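Read through the structure below, which is laid out as structure tokens, and then see the notes.
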Amino acid sequence: MRTKTNGKWSVQKLIYTGMLAALAGVLMSLEFSVPLMPPFYKVDFSDVPSIVAVFLMGPVSGICVEVIKILIKLITVGTNTMYVGEFSNLIGIILFVGPLWLVYKKRGANKRAAVEALLVSIPIRTAFACFTNAFITLPLYAQAMNLPLDQVITMVAAVNPAIQNLNGFIILATIPFNILKIGLNSVVAHLLYSRLLAAKIVPKVV
């Protein structure tokens with residue numbers, strides 16, 4: 001169900017965005033480790049509210065949820081990556097929200113379009129994660145620890161002896177981890193989005 005864009009629905013959109021952002025902040029704190037992955041690679045389901053926000057209320061709402069959830073985590077839990085992980089998440093927001101919204105709208109803004117948008121999002125976000133790990137996150141992490149990059153890679157990847165260098169880190173850690181995390185979030189988000197549409201609990205406000 002689509003609703004009219006007026007003052008009333010603007011207030012509704014603000015309330016829903018705030019609720020989803022609060023939920024995302026909580027979910028971001030409920031993270032868990034993955035075997036054979038570096039200690040700062042942890043899975044959480046905080047992208048679920050963001051994806052739902054994009055599909056129901058548009059890209060601005062999705063961006064707001066992403067930014068607010070990062071602030072909530074920093075305020076309530078702090079950082080275990082010396083702010084490097086949060087910085088990486090922040091600069092990746094547009095590449096997260098943009099493809100989702102563009103494909104979703106172009107394909108008809110329905111449940112099938114949502115699936116297609118999520119499938120497009122997985123390789124884009126994984127490729128972006130590879131780039132940021134290689135050129136931003138790991139170098140900044142090494143600089144923050146005042147250690148050579150190769151030593152940092154060996155240290156953080158000690159749980160997987162097969163990882164010996166940056167290329168190994170990207171192939172054996174970054175790619176599988178992001179496919180796993182983004183895939184799980186996409187499945188849960190689509191199920192929730194479909195249930196909300198079917199139940200008409202949260203009408204579309206875009």
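Following the order of the structure tokens, first chain is A, next is B, and so on, with residues numbered from 1 inside each chain and ligands from 1 in the order they appear.
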List every residue of region 17-50 of chain A that has an atom at most 6 Å from any atom of region 54-72 of chain A, and for each one report the closest atom pair and its distance in Å to one decimal, counting only C-alpha atoms, with rows sorted by chain and then by increasing residue number, as a tab-separated table.
```
residue	atom	partner	partner_atom	distance
A:Thr17	CA	A:Ser61	CA	5.9
A:Ala21	CA	A:Val65	CA	4.3
A:Ala24	CA	A:Lys69	CA	5.5
A:Gly25	CA	A:Lys69	CA	4.0
A:Ser50	CA	A:Gly62	CA	5.0
```
Write to file, as a PDB file, in the first residue's frame, the residues of the selection just made, with N, CA and C atoms.
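So out-v1.pdb came out as:
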```pdb
ATOM      1  N   THR A  17      11.696   5.608  10.537  1.00  0.00           N
ATOM      2  CA  THR A  17      13.145   5.669  10.351  1.00  0.00           C
ATOM      3  C   THR A  17      13.869   5.629  11.687  1.00  0.00           C
ATOM      4  N   ALA A  21      16.347   2.721  12.938  1.00  0.00           N
ATOM      5  CA  ALA A  21      17.721   3.086  13.293  1.00  0.00           C
ATOM      6  C   ALA A  21      18.076   2.579  14.688  1.00  0.00           C
ATOM      7  N   ALA A  24      18.608  -1.100  14.450  1.00  0.00           N
ATOM      8  CA  ALA A  24      19.884  -1.386  13.794  1.00  0.00           C
ATOM      9  C   ALA A  24      21.048  -1.184  14.757  1.00  0.00           C
ATOM     10  N   GLY A  25      20.962  -0.144  15.588  1.00  0.00           N
ATOM     11  CA  GLY A  25      22.014   0.102  16.565  1.00  0.00           C
ATOM     12  C   GLY A  25      22.149  -1.030  17.560  1.00  0.00           C
ATOM     13  N   SER A  50      18.162  -1.392   7.755  1.00  0.00           N
ATOM     14  CA  SER A  50      18.546  -0.459   6.698  1.00  0.00           C
ATOM     15  C   SER A  50      17.924  -0.854   5.367  1.00  0.00           C
TER      16      SER A  50
END
```
Which residues of region 66-156 of chain A sit at most 12 Å from region 192-196 of chain A, using only C-alpha atoms? Give each one's shortest atom pair and distance in Å (one decimal place), in chain and ascending residue order, as CSV.
```
residue,atom,partner,partner_atom,distance
A:Ala109,CA,A:Tyr193,CA,11.9
A:Asn110,CA,A:Ser194,CA,9.3
A:Lys111,CA,A:Ser194,CA,6.7
A:Arg112,CA,A:Ser194,CA,10.1
A:Ala113,CA,A:Ser194,CA,11.7
A:Ala114,CA,A:Tyr193,CA,9.0
A:Val115,CA,A:Ser194,CA,10.5
```
Save the residues we just selected, N, CA, C and O atoms, as a JSON list (two decimals), in the first residue's frame?
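Saved to again-v7.json:
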```
[["chain", "number", "residue", "atom", "x", "y", "z"],
["A", 109, "ALA", "N", 9.62, -1.85, -7.96],
["A", 109, "ALA", "CA", 9.39, -1.62, -6.53],
["A", 109, "ALA", "C", 8.41, -2.62, -5.92],
["A", 109, "ALA", "O", 7.46, -2.27, -5.24],
["A", 110, "ASN", "N", 8.67, -3.91, -6.18],
["A", 110, "ASN", "CA", 7.86, -4.98, -5.60],
["A", 110, "ASN", "C", 8.78, -6.03, -4.98],
["A", 110, "ASN", "O", 9.99, -5.85, -4.92],
["A", 111, "LYS", "N", 8.19, -7.14, -4.53],
["A", 111, "LYS", "CA", 9.00, -8.16, -3.85],
["A", 111, "LYS", "C", 10.03, -8.79, -4.78],
["A", 111, "LYS", "O", 11.16, -9.10, -4.37],
["A", 112, "ARG", "N", 9.67, -9.00, -6.04],
["A", 112, "ARG", "CA", 10.62, -9.55, -6.99],
["A", 112, "ARG", "C", 11.76, -8.56, -7.24],
["A", 112, "ARG", "O", 12.93, -8.94, -7.32],
["A", 113, "ALA", "N", 11.41, -7.28, -7.34],
["A", 113, "ALA", "CA", 12.43, -6.25, -7.53],
["A", 113, "ALA", "C", 13.37, -6.19, -6.34],
["A", 113, "ALA", "O", 14.57, -5.94, -6.49],
["A", 114, "ALA", "N", 12.83, -6.43, -5.15],
["A", 114, "ALA", "CA", 13.66, -6.43, -3.95],
["A", 114, "ALA", "C", 14.70, -7.54, -4.01],
["A", 114, "ALA", "O", 15.86, -7.34, -3.64],
["A", 115, "VAL", "N", 14.29, -8.72, -4.47],
["A", 115, "VAL", "CA", 15.23, -9.84, -4.60],
["A", 115, "VAL", "C", 16.33, -9.48, -5.58],
["A", 115, "VAL", "O", 17.53, -9.71, -5.33]]
```
Practice task
Calculate how many Å separate CA of Asn165 (chain A) from CA of Leu95 (chain A), rounding to one decimal.
Solution key: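 Separating CA of Asn165 (chain A) from CA of Leu95 (chain A) is a distance of 26.7 Å.
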* Asked: Pick the closest to Val52 (chain A) from A:Ser186, A:Ser88, A:Asn178, A:Gln12: which is it, counting only C-alpha atoms?
  ->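 Of A:Ser186, A:Ser88, A:Asn178, A:Gln12, the one nearest Val52 (chain A), counting only C-alpha atoms, is A:Ser186.
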Here CA of Pro148 (chain A) and CA of Phe135 (chain A) stand apart by 13.9 Å
